[in-house]
Amino acid sequence: MDTRIILGSSKEKITKQLSQFLSDSGYNVVGTTTDGYDLLRRIHTLYPDICLLDFNIKGLNGHQISETLVLERICPVIALLHTTEVHYFINLSQESIFTPLVKPLNKQMLIHTIDMLVKTSKSIIKLEKEVTHLKKSNSNQVIINKAKKLLIENMNLTEEQAHRRIQKQSMDKGISKVKIAEAIIFMYEK
């Protein structure tokens with residue numbers, strides 16, 4: 001496995017035990033710390049695949065760190081909690097890149113949760129990129145259609161002729177059809 005994990009807990013003993021267990025299970029533990037501010041700094045530097053943290057950590061607590069990571073969508077988070085701490089995380093429980101696990105930990109459940117959260121996170125990132133690409137494509141098509149409409153109205157062209165004109169200018173000048181369309185819109189909407 002090439003899953004990169006960073007660990008944060010106020011107890012050094014816990015980070016050492018978790019680090020050893022995760023390393024033995026085939027994960028790459030890229031860092032451990034007992035300080036919340038240091039954990040955020042390292043996450044912003046290392047960009048791990050997942051962050052595993054305790055609620056009790058010096059500086060920033062696990063809830064504050066989890067909210068930051070989820071808001072910035074840097075990496076998925078698994079919060080290791082006692083039953084008395086779960087209520088702090090109610091607002092995060094609906095987030096797809098956050099999972100609370102109640103102590104004591106079941107090692108198989110931890111491994112399963114890490115694998116599922118990383119896999120889900122990668123799928124979500126891929127889908128978000130596709131949505132962004134589709135929105136951009138749609139936006140570009142709206143601009144091109146507006147330019148074609150202006151050419152049809154002002155030059156008495158058919159839609160096909162307007163499309164070919166934009167396409168030819170794009171090829172002749174070596175710039176995108178959207179840039180040509182924007183120039184046409186600018187020219188006719190003065």
# chains A, B, ... in the order shown; residues from 1 in each chain; ligands from 1
call {"tool": "select_by_dssp", "arguments": {"residues": "region 14-132 of chain A", "states": "alpha helix (DSSP H)", "output": "ChimeraX atom specification"}}
result
/A:14-24,36-46,62-72,107-132
call {"tool": "residues_around", "arguments": {"residues": "Met187 (chain A)", "least_positions_apart": "4", "cutoff": "12 Å", "atoms": "only C-alpha atoms", "output": "VMD selection string"}}
result
chain A and resid 147 150 to 151 154 180 to 183
call {"tool": "residues_around", "arguments": {"residues": "Asn106 (chain A)", "least_positions_apart": "5", "cutoff": "12 Å", "atoms": "only C-alpha atoms", "output": "list in words"}}
result
Leu18, Phe21, Leu80, Leu101, Ile111, His112 and Thr113 of chain A
call {"tool": "write_last_selection", "arguments": {"atoms": "C-alpha atoms", "output": "short mmCIF file (atom, residue, chain, number, x, y, z; two decimals), in the first residue's frame"}}
result
data_model
loop_
_atom_site.label_atom_id
_atom_site.label_comp_id
_atom_site.auth_asym_id
_atom_site.auth_seq_id
_atom_site.Cartn_x
_atom_site.Cartn_y
_atom_site.Cartn_z
CA LEU A 18 -0.34 3.46 16.07
CA PHE A 21 0.81 -0.94 13.86
CA LEU A 80 -10.22 8.77 17.48
CA LEU A 101 -14.04 6.14 15.51
CA ILE A 111 -7.68 -0.61 8.60
CA HIS A 112 -11.03 -1.01 6.85
CA THR A 113 -11.97 2.61 7.66
#
call {"tool": "residues_around", "arguments": {"residues": "Val142 (chain A)", "least_positions_apart": "5", "cutoff": "12 Å", "atoms": "only C-alpha atoms", "output": "list of chain:residue names"}}
result
A:Lys135, A:Lys136, A:Ser137, A:Ala147, A:Lys148, A:Lys149, A:Lys177, A:Val178, A:Ala181, A:Glu182, A:Ile185
call {"tool": "write_last_selection", "arguments": {"atoms": "N, CA and C atoms", "output": "tab-separated table (two decimals), in the first residue's frame"}}
result
chain	number	residue	atom	x	y	z
A	135	LYS	N	-18.59	22.15	-16.10
A	135	LYS	CA	-19.06	23.53	-15.93
A	135	LYS	C	-18.28	24.47	-16.86
A	136	LYS	N	-16.98	24.26	-16.95
A	136	LYS	CA	-16.16	25.10	-17.82
A	136	LYS	C	-16.54	24.88	-19.28
A	137	SER	N	-16.74	23.63	-19.67
A	137	SER	CA	-17.14	23.32	-21.04
A	137	SER	C	-18.48	23.96	-21.37
A	147	ALA	N	-21.60	34.18	-29.54
A	147	ALA	CA	-20.85	34.76	-30.67
A	147	ALA	C	-21.47	34.33	-31.99
A	148	LYS	N	-21.85	33.06	-32.10
A	148	LYS	CA	-22.50	32.60	-33.34
A	148	LYS	C	-23.79	33.37	-33.58
A	149	LYS	N	-24.57	33.59	-32.54
A	149	LYS	CA	-25.82	34.33	-32.67
A	149	LYS	C	-25.56	35.75	-33.17
A	177	LYS	N	-11.26	28.68	-29.66
A	177	LYS	CA	-12.54	29.19	-30.18
A	177	LYS	C	-13.20	30.12	-29.17
A	178	VAL	N	-13.01	29.86	-27.89
A	178	VAL	CA	-13.62	30.71	-26.86
A	178	VAL	C	-13.04	32.12	-26.94
A	181	ALA	N	-14.54	33.79	-29.89
A	181	ALA	CA	-15.93	34.12	-29.57
A	181	ALA	C	-16.00	35.34	-28.66
A	182	GLU	N	-15.11	35.41	-27.68
A	182	GLU	CA	-15.09	36.58	-26.78
A	182	GLU	C	-14.78	37.85	-27.56
A	185	ILE	N	-17.89	38.86	-29.50
A	185	ILE	CA	-18.86	39.46	-28.58
A	185	ILE	C	-18.46	40.87	-28.23
call {"tool": "select_by_dssp", "arguments": {"residues": "chain A", "states": "strand (DSSP E or B)", "output": "VMD selection string"}}
result
chain A and resid 4 to 8 28 to 33 35 50 to 54 58 77 to 81 98 to 102
call {"tool": "residues_around", "arguments": {"residues": "Cys75 (chain A)", "least_positions_apart": "3", "cutoff": "9 Å", "atoms": "only C-alpha atoms", "output": "list of chain:residue names"}}
result
A:Ile43, A:Tyr47, A:Pro48, A:Asp49, A:Ile50, A:Cys51, A:Leu69, A:Val70, A:Glu72, A:Ile97, A:Val118, A:Ser121
